[in-house]
file model-v8.cif (mmCIF, C-alpha atoms and all ligand atoms; chains and numbers go by the auth columns)
data_target
loop_
_atom_site.group_PDB
_atom_site.id
_atom_site.type_symbol
_atom_site.label_atom_id
_atom_site.label_comp_id
_atom_site.label_asym_id
_atom_site.label_seq_id
_atom_site.Cartn_x
_atom_site.Cartn_y
_atom_site.Cartn_z
_atom_site.B_iso_or_equiv
_atom_site.auth_seq_id
_atom_site.auth_asym_id
ATOM 1 C CA MET A 1 -33.170 -7.005 8.395 0.00 23 V
ATOM 2 C CA ARG A 2 -31.404 -4.321 6.407 0.00 24 V
ATOM 3 C CA ALA A 3 -27.797 -4.514 5.209 0.00 25 V
ATOM 4 C CA GLN A 4 -26.525 -2.081 7.833 0.00 26 V
ATOM 5 C CA GLY A 5 -27.931 -4.269 10.605 0.00 27 V
ATOM 6 C CA HIS A 6 -26.377 -7.391 9.090 0.00 28 V
ATOM 7 C CA PHE A 7 -22.963 -5.721 8.698 0.00 29 V
ATOM 8 C CA GLY A 8 -23.164 -4.520 12.303 0.00 30 V
ATOM 9 C CA LEU A 9 -24.123 -7.965 13.568 0.00 31 V
ATOM 10 C CA ALA A 10 -21.261 -9.575 11.602 0.00 32 V
ATOM 11 C CA LEU A 11 -18.808 -7.101 13.160 0.00 33 V
ATOM 12 C CA LEU A 12 -20.259 -7.712 16.614 0.00 34 V
ATOM 13 C CA ALA A 13 -20.064 -11.499 16.227 0.00 35 V
ATOM 14 C CA SER A 14 -16.493 -11.240 14.879 0.00 36 V
ATOM 15 C CA SER A 15 -15.437 -9.005 17.749 0.00 37 V
ATOM 16 C CA LEU A 16 -16.890 -11.384 20.333 0.00 38 V
ATOM 17 C CA ALA A 17 -15.243 -14.393 18.663 0.00 39 V
ATOM 18 C CA LEU A 18 -11.845 -12.666 18.488 0.00 40 V
ATOM 19 C CA TRP A 19 -12.148 -11.474 22.082 0.00 41 V
ATOM 20 C CA ALA A 20 -13.065 -14.993 23.268 0.00 42 V
ATOM 21 C CA ALA A 21 -10.142 -16.475 21.313 0.00 43 V
ATOM 22 C CA GLY A 22 -7.750 -13.782 22.528 0.00 44 V
ATOM 23 C CA VAL A 23 -6.839 -12.799 18.967 0.00 45 V
ATOM 24 C CA ASP A 24 -5.792 -9.273 18.005 0.00 46 V
ATOM 25 C CA PRO A 25 -8.412 -7.955 15.527 0.00 47 V
ATOM 26 C CA VAL A 26 -5.749 -6.253 13.419 0.00 48 V
ATOM 27 C CA SER A 27 -3.551 -9.367 13.193 0.00 49 V
ATOM 28 C CA GLN A 28 -3.611 -11.473 10.025 0.00 50 V
ATOM 29 C CA SER A 29 -5.937 -13.997 11.691 0.00 51 V
ATOM 30 C CA GLY A 30 -8.210 -11.275 13.032 0.00 52 V
ATOM 31 C CA VAL A 31 -8.495 -9.512 9.700 0.00 53 V
ATOM 32 C CA ALA A 32 -9.114 -12.856 7.948 0.00 54 V
ATOM 33 C CA LEU A 33 -11.983 -13.744 10.281 0.00 55 V
ATOM 34 C CA THR A 34 -13.548 -10.294 10.252 0.00 56 V
ATOM 35 C CA GLY A 35 -13.150 -9.834 6.500 0.00 57 V
ATOM 36 C CA ALA A 36 -14.681 -13.235 5.761 0.00 58 V
ATOM 37 C CA ALA A 37 -17.577 -12.564 8.147 0.00 59 V
ATOM 38 C CA VAL A 38 -18.350 -9.175 6.635 0.00 60 V
ATOM 39 C CA ALA A 39 -18.017 -10.579 3.098 0.00 61 V
ATOM 40 C CA SER A 40 -20.445 -13.440 3.761 0.00 62 V
ATOM 41 C CA CYS A 41 -23.031 -11.713 5.939 0.00 63 V
ATOM 42 C CA MET A 42 -25.276 -10.730 3.019 0.00 64 V
ATOM 43 C CA LEU A 43 -25.071 -14.013 1.072 0.00 65 V
ATOM 44 C CA PRO A 44 -28.381 -15.461 2.406 0.00 66 V
ATOM 45 C CA ASP A 45 -30.252 -12.617 0.713 0.00 67 V
ATOM 46 C CA LEU A 46 -29.030 -13.785 -2.704 0.00 68 V
ATOM 47 C CA ASP A 47 -32.396 -15.528 -2.843 0.00 69 V
ATOM 48 C CA LEU A 48 -33.914 -12.150 -3.779 0.00 70 V
ATOM 49 C CA PRO A 49 -32.051 -11.427 -7.061 0.00 71 V
ATOM 50 C CA VAL A 50 -32.050 -15.126 -8.005 0.00 72 V
ATOM 51 C CA GLY A 51 -35.829 -15.302 -7.642 0.00 73 V
ATOM 52 C CA LEU A 52 -36.082 -17.957 -4.920 0.00 74 V
ATOM 53 C CA ARG A 53 -38.702 -17.603 -2.215 0.00 75 V
ATOM 54 C CA HIS A 54 -37.269 -15.181 0.355 0.00 76 V
ATOM 55 C CA ARG A 55 -36.011 -16.712 3.601 0.00 77 V
ATOM 56 C CA ALA A 56 -36.986 -20.209 2.511 0.00 78 V
ATOM 57 C CA TYR A 57 -33.858 -22.206 1.653 0.00 79 V
ATOM 58 C CA THR A 58 -30.907 -19.811 1.824 0.00 80 V
ATOM 59 C CA HIS A 59 -31.578 -18.744 5.419 0.00 81 V
ATOM 60 C CA SER A 60 -30.400 -22.050 6.875 0.00 82 V
ATOM 61 C CA LEU A 61 -27.518 -22.688 9.247 0.00 83 V
ATOM 62 C CA LEU A 62 -26.654 -25.658 7.016 0.00 84 V
ATOM 63 C CA TRP A 63 -25.287 -23.224 4.413 0.00 85 V
ATOM 64 C CA ALA A 64 -23.242 -21.477 7.103 0.00 86 V
ATOM 65 C CA LEU A 65 -21.567 -24.768 7.965 0.00 87 V
ATOM 66 C CA LEU A 66 -20.987 -25.721 4.315 0.00 88 V
ATOM 67 C CA LEU A 67 -19.603 -22.276 3.476 0.00 89 V
ATOM 68 C CA GLY A 68 -17.304 -22.466 6.493 0.00 90 V
ATOM 69 C CA ALA A 69 -16.073 -25.903 5.401 0.00 91 V
ATOM 70 C CA ALA A 70 -15.465 -24.606 1.865 0.00 92 V
ATOM 71 C CA GLY A 71 -13.426 -21.704 3.249 0.00 93 V
ATOM 72 C CA LEU A 72 -11.453 -24.099 5.426 0.00 94 V
ATOM 73 C CA LEU A 73 -10.606 -26.311 2.454 0.00 95 V
ATOM 74 C CA ALA A 74 -10.078 -23.677 -0.236 0.00 96 V
ATOM 75 C CA SER A 75 -8.557 -20.619 1.404 0.00 97 V
ATOM 76 C CA PRO A 76 -4.845 -20.211 0.635 0.00 98 V
ATOM 77 C CA CYS A 77 -4.365 -17.947 3.651 0.00 99 V
ATOM 78 C CA CYS A 78 -5.474 -18.520 7.279 0.00 100 V
ATOM 79 C CA PRO A 79 -7.940 -21.269 6.297 0.00 101 V
ATOM 80 C CA VAL A 80 -9.215 -21.843 9.833 0.00 102 V
ATOM 81 C CA TRP A 81 -9.920 -18.144 10.368 0.00 103 V
ATOM 82 C CA VAL A 82 -11.412 -17.651 6.904 0.00 104 V
ATOM 83 C CA GLY A 83 -13.632 -20.731 7.310 0.00 105 V
ATOM 84 C CA ALA A 84 -14.743 -19.625 10.763 0.00 106 V
ATOM 85 C CA GLY A 85 -15.392 -16.101 9.503 0.00 107 V
ATOM 86 C CA LEU A 86 -17.484 -17.292 6.563 0.00 108 V
ATOM 87 C CA ALA A 87 -19.600 -19.507 8.826 0.00 109 V
ATOM 88 C CA LEU A 88 -19.879 -16.739 11.418 0.00 110 V
ATOM 89 C CA GLY A 89 -20.922 -14.075 8.915 0.00 111 V
ATOM 90 C CA TYR A 90 -23.496 -16.296 7.217 0.00 112 V
ATOM 91 C CA GLY A 91 -24.769 -17.516 10.596 0.00 113 V
ATOM 92 C CA SER A 92 -25.006 -13.958 11.918 0.00 114 V
ATOM 93 C CA HIS A 93 -27.320 -13.101 9.023 0.00 115 V
ATOM 94 C CA VAL A 94 -29.620 -15.999 9.918 0.00 116 V
ATOM 95 C CA ALA A 95 -29.490 -14.997 13.611 0.00 117 V
ATOM 96 C CA GLY A 96 -30.247 -11.380 12.723 0.00 118 V
ATOM 97 C CA ASP A 97 -33.266 -12.279 10.654 0.00 119 V
ATOM 98 C CA LEU A 98 -34.510 -14.469 13.513 0.00 120 V
ATOM 99 C CA LEU A 99 -34.820 -11.296 15.589 0.00 121 V
ATOM 100 C CA THR A 100 -37.450 -9.902 13.212 0.00 122 V
ATOM 101 C CA TYR A 101 -41.125 -10.814 12.746 0.00 123 V
ATOM 102 C CA ARG A 102 -41.081 -12.928 9.586 0.00 124 V
ATOM 103 C CA ARG A 103 -40.836 -16.637 10.350 0.00 125 V
ATOM 104 C CA PHE A 104 -38.508 -18.942 8.416 0.00 126 V
ATOM 105 C CA PRO A 105 -36.851 -22.387 8.864 0.00 127 V
ATOM 106 C CA PRO A 106 -33.240 -21.808 10.066 0.00 128 V
ATOM 107 C CA LEU A 107 -32.667 -25.547 10.488 0.00 129 V
ATOM 108 C CA TRP A 108 -33.839 -26.538 6.991 0.00 130 V
ATOM 109 C CA PRO A 109 -33.600 -29.331 5.771 0.00 131 V
ATOM 110 C CA LEU A 110 -33.337 -31.013 9.186 0.00 132 V
ATOM 111 C CA CYS A 111 -36.451 -29.257 10.424 0.00 133 V
ATOM 112 C CA GLY A 112 -38.992 -27.255 8.487 0.00 134 V
ATOM 113 C CA CYS A 113 -40.232 -25.488 11.601 0.00 135 V
ATOM 114 C CA ARG A 114 -40.591 -21.786 10.919 0.00 136 V
ATOM 115 C CA VAL A 115 -39.553 -19.550 13.794 0.00 137 V
ATOM 116 C CA SER A 116 -38.810 -15.939 14.674 0.00 138 V
ATOM 117 C CA LEU A 117 -38.365 -13.970 17.868 0.00 139 V
ATOM 118 C CA GLY A 118 -40.423 -11.041 16.597 0.00 140 V
ATOM 119 C CA LEU A 119 -38.424 -8.346 18.394 0.00 141 V
ATOM 120 C CA PHE A 120 -38.633 -5.707 15.651 0.00 142 V
ATOM 121 C CA ARG A 121 -39.543 -5.132 12.019 0.00 143 V
ATOM 122 C CA ALA A 122 -36.845 -6.024 9.497 0.00 144 V
ATOM 123 C CA ASP A 123 -36.854 -2.456 8.194 0.00 145 V
ATOM 124 C CA SER A 124 -36.650 -0.836 11.637 0.00 146 V
ATOM 125 C CA ARG A 125 -34.274 2.089 11.249 0.00 147 V
ATOM 126 C CA ALA A 126 -33.583 2.188 14.999 0.00 148 V
ATOM 127 C CA ALA A 127 -32.777 -1.523 15.337 0.00 149 V
ATOM 128 C CA ASN A 128 -30.594 -1.632 12.201 0.00 150 V
ATOM 129 C CA SER A 129 -28.729 1.530 13.217 0.00 151 V
ATOM 130 C CA LEU A 130 -28.219 0.222 16.758 0.00 152 V
ATOM 131 C CA LEU A 131 -26.755 -3.060 15.480 0.00 153 V
ATOM 132 C CA LEU A 132 -24.407 -1.179 13.130 0.00 154 V
ATOM 133 C CA PHE A 133 -23.314 1.092 15.973 0.00 155 V
ATOM 134 C CA LEU A 134 -22.741 -1.845 18.345 0.00 156 V
ATOM 135 C CA GLY A 135 -20.714 -3.755 15.752 0.00 157 V
ATOM 136 C CA VAL A 136 -18.489 -0.811 14.826 0.00 158 V
ATOM 137 C CA ALA A 137 -18.069 0.168 18.491 0.00 159 V
ATOM 138 C CA ALA A 138 -17.160 -3.375 19.562 0.00 160 V
ATOM 139 C CA TYR A 139 -14.624 -3.826 16.777 0.00 161 V
ATOM 140 C CA THR A 140 -13.115 -0.369 17.286 0.00 162 V
ATOM 141 C CA TYR A 141 -12.830 -0.870 21.039 0.00 163 V
ATOM 142 C CA LEU A 142 -11.258 -4.300 20.600 0.00 164 V
ATOM 143 C CA ALA A 143 -8.779 -2.966 18.046 0.00 165 V
ATOM 144 C CA ALA A 144 -7.919 0.143 20.058 0.00 166 V
ATOM 145 C CA SER A 145 -8.053 -1.272 23.585 0.00 167 V
ATOM 146 C CA PRO A 146 -4.320 -2.158 23.847 0.00 168 V
ATOM 147 C CA ALA A 147 -3.428 1.430 22.918 0.00 169 V
ATOM 148 C CA ILE A 148 -6.069 2.809 25.310 0.00 170 V
ATOM 149 C CA HIS A 149 -4.799 0.659 28.173 0.00 171 V
ATOM 150 C CA ALA A 150 -1.177 1.614 27.455 0.00 172 V
ATOM 151 C CA ALA A 151 -2.077 5.319 27.428 0.00 173 V
ATOM 152 C CA LEU A 152 -3.982 4.977 30.710 0.00 174 V
ATOM 153 C CA LEU A 153 -1.091 3.147 32.358 0.00 175 V
ATOM 154 C CA ARG A 154 1.366 5.864 31.238 0.00 176 V
ATOM 155 C CA ASN A 155 -0.774 8.552 32.873 0.00 177 V
ATOM 156 C CA ILE A 156 -1.457 6.747 36.131 0.00 178 V
ATOM 157 C CA SER A 157 1.225 6.821 38.772 0.00 179 V
ATOM 158 C CA ILE A 158 0.688 4.632 41.782 0.00 180 V
ATOM 159 C CA PRO A 159 2.515 5.706 44.957 0.00 181 V
ATOM 160 C CA LEU A 160 4.244 2.635 46.320 0.00 182 V
ATOM 161 C CA GLY A 161 5.230 3.855 49.715 0.00 183 V
HETATM 162 ZN ZN ZN B . -32.097 -12.280 5.130 0.00 1 H
#
call {"tool": "encode", "arguments": {"input": "model-v8.cif", "output": "structure tokens", "more": "lines below"}}
Ligand SMILES: [Zn+2]
result
Amino acid sequence: MRAQGHFGLALLASSLALWAAGVDPVSQSGVALTGAAVASCMLPDLDLPVGLRHRAYTHSLLWALLLGAAGLLASPCCPVWVGAGLALGYGSHVAGDLLTYRRFPPLWPLCGCRVSLGLFRADSRAANSLLLFLGVAAYTYLAASPAIHAALLRNISIPLG
């Protein structure tokens, strides 16, 4: 999948996690999780410039867990949210690539089984653009929803009798 699709998926996953946890996306915790997720969502593709076989060893959920643990132990600020964001961003990359045709082992080294859902080509402009749109829309809605709800409540008068 292309970078825009991965960034969109990281934003979408972050938004869903923050919504489920009831955390304001523009709070310190929300920004820590989202920032860490966006920062880590392209790390699995470091296999390309390093010269490793693409989608062989770096596209494993094991690295998501280890990166999350490293963030938890080493982050000076909001370690739980940074660790969760790093794991979420890395994991969202693996999940995104699973949607495409090319098979790879997401559970390496526990299982070498190569899988993919084959929903679209990795370079699909439509799929990558849709994921970016969904991620930006979800995060924007989550960040703006308190203001939207407050504005709606100000403009709605309910007759009480
Ligand atoms: Zn990838």
call {"tool": "atom_distance", "arguments": {"input": "model-v8.cif", "atom1": "CA of Gly27 in chain V", "atom2": "CA of Ser151 in chain V"}}
result
6.4 Å
call {"tool": "residues_near_ligand", "arguments": {"input": "model-v8.cif", "ligand": "ligand ZN 1 (chain H)", "cutoff": "7 Å", "atoms": "all atoms listed in the file", "output": "short mmCIF file (atom, residue, chain, number, x, y, z; two decimals) with C-alpha atoms, in the coordinates of the input"}}
result
data_model
loop_
_atom_site.label_atom_id
_atom_site.label_comp_id
_atom_site.auth_asym_id
_atom_site.auth_seq_id
_atom_site.Cartn_x
_atom_site.Cartn_y
_atom_site.Cartn_z
CA MET V 23 -33.17 -7.00 8.40
CA PRO V 66 -28.38 -15.46 2.41
CA ASP V 67 -30.25 -12.62 0.71
CA ARG V 77 -36.01 -16.71 3.60
CA HIS V 81 -31.58 -18.74 5.42
CA HIS V 115 -27.32 -13.10 9.02
CA VAL V 116 -29.62 -16.00 9.92
CA ASP V 119 -33.27 -12.28 10.65
#
call {"tool": "closest_residue", "arguments": {"input": "model-v8.cif", "among": "V:Trp130, V:Tyr163, V:Phe155, V:Tyr123", "to": "Ala78 in chain V", "atoms": "all atoms listed in the file"}}
result
V:Trp130
call {"tool": "atom_distance", "arguments": {"input": "model-v8.cif", "atom1": "CA of Leu88 in chain V", "atom2": "CA of Leu141 in chain V"}}
result
28.4 Å
call {"tool": "resolve_selection", "arguments": {"input": "model-v8.cif", "expression": "the PyMOL selection byres (((chain V and resi 139) around 8) and not hetatm)", "output": "number ranges by chain"}}
result
V: 120-123, 137-138, 140-141
call {"tool": "residues_around", "arguments": {"input": "model-v8.cif", "residues": "range 48-62 of chain V", "least_positions_apart": "5", "cutoff": "7 Å", "atoms": "all atoms listed in the file", "output": "ChimeraX atom specification"}}
result
/V:29,32-33,36,40,100,103-104,106-108,110-112,165
call {"tool": "atom_distance", "arguments": {"input": "model-v8.cif", "atom1": "CA of Phe142 in chain V", "atom2": "CA of Val72 in chain V"}}
result
26.3 Å
call {"tool": "closest_residue", "arguments": {"input": "model-v8.cif", "among": "V:Leu154, V:Leu34, V:Ala166, V:Ala160", "to": "Asp46 in chain V", "atoms": "all atoms listed in the file"}}
result
V:Ala166
call {"tool": "closest_residue", "arguments": {"input": "model-v8.cif", "among": "V:Ala35, V:Gly118, V:Pro71, V:Met64", "to": "Arg143 in chain V", "atoms": "all atoms listed in the file"}}
result
V:Gly118
call {"tool": "closest_residue", "arguments": {"input": "model-v8.cif", "among": "V:Leu65, V:Ala25, V:Ala42, V:Cys135", "to": "Arg147 in chain V", "atoms": "all atoms listed in the file"}}
result
V:Ala25
call {"tool": "axis_aligned_box", "arguments": {"input": "model-v8.cif", "around": "range 29-48 of chain V", "padding_each_side": "6 Å", "output": "AutoDock Vina command-line options"}}
result
--center_x -14.9 --center_y -10.5 --center_z 16.0 --size_x 30.4 --size_y 24.0 --size_z 26.6
call {"tool": "closest_residue", "arguments": {"input": "model-v8.cif", "among": "V:Arg124, V:Leu83, V:Val158, V:Ala96", "to": "Ala144 in chain V", "atoms": "only C-alpha atoms"}}
result
V:Arg124
call {"tool": "closest_residue", "arguments": {"input": "model-v8.cif", "among": "V:Ala169, V:Pro127, V:Leu153, V:Gly105", "to": "His76 in chain V", "atoms": "all atoms listed in the file"}}
result
V:Pro127
call {"tool": "residues_around", "arguments": {"input": "model-v8.cif", "residues": "Pro131 in chain V", "least_positions_apart": "5", "cutoff": "10 Å", "atoms": "only C-alpha atoms", "output": "list of chain:residue names"}}
result
V:Tyr79, V:Ser82, V:Leu83, V:Leu84
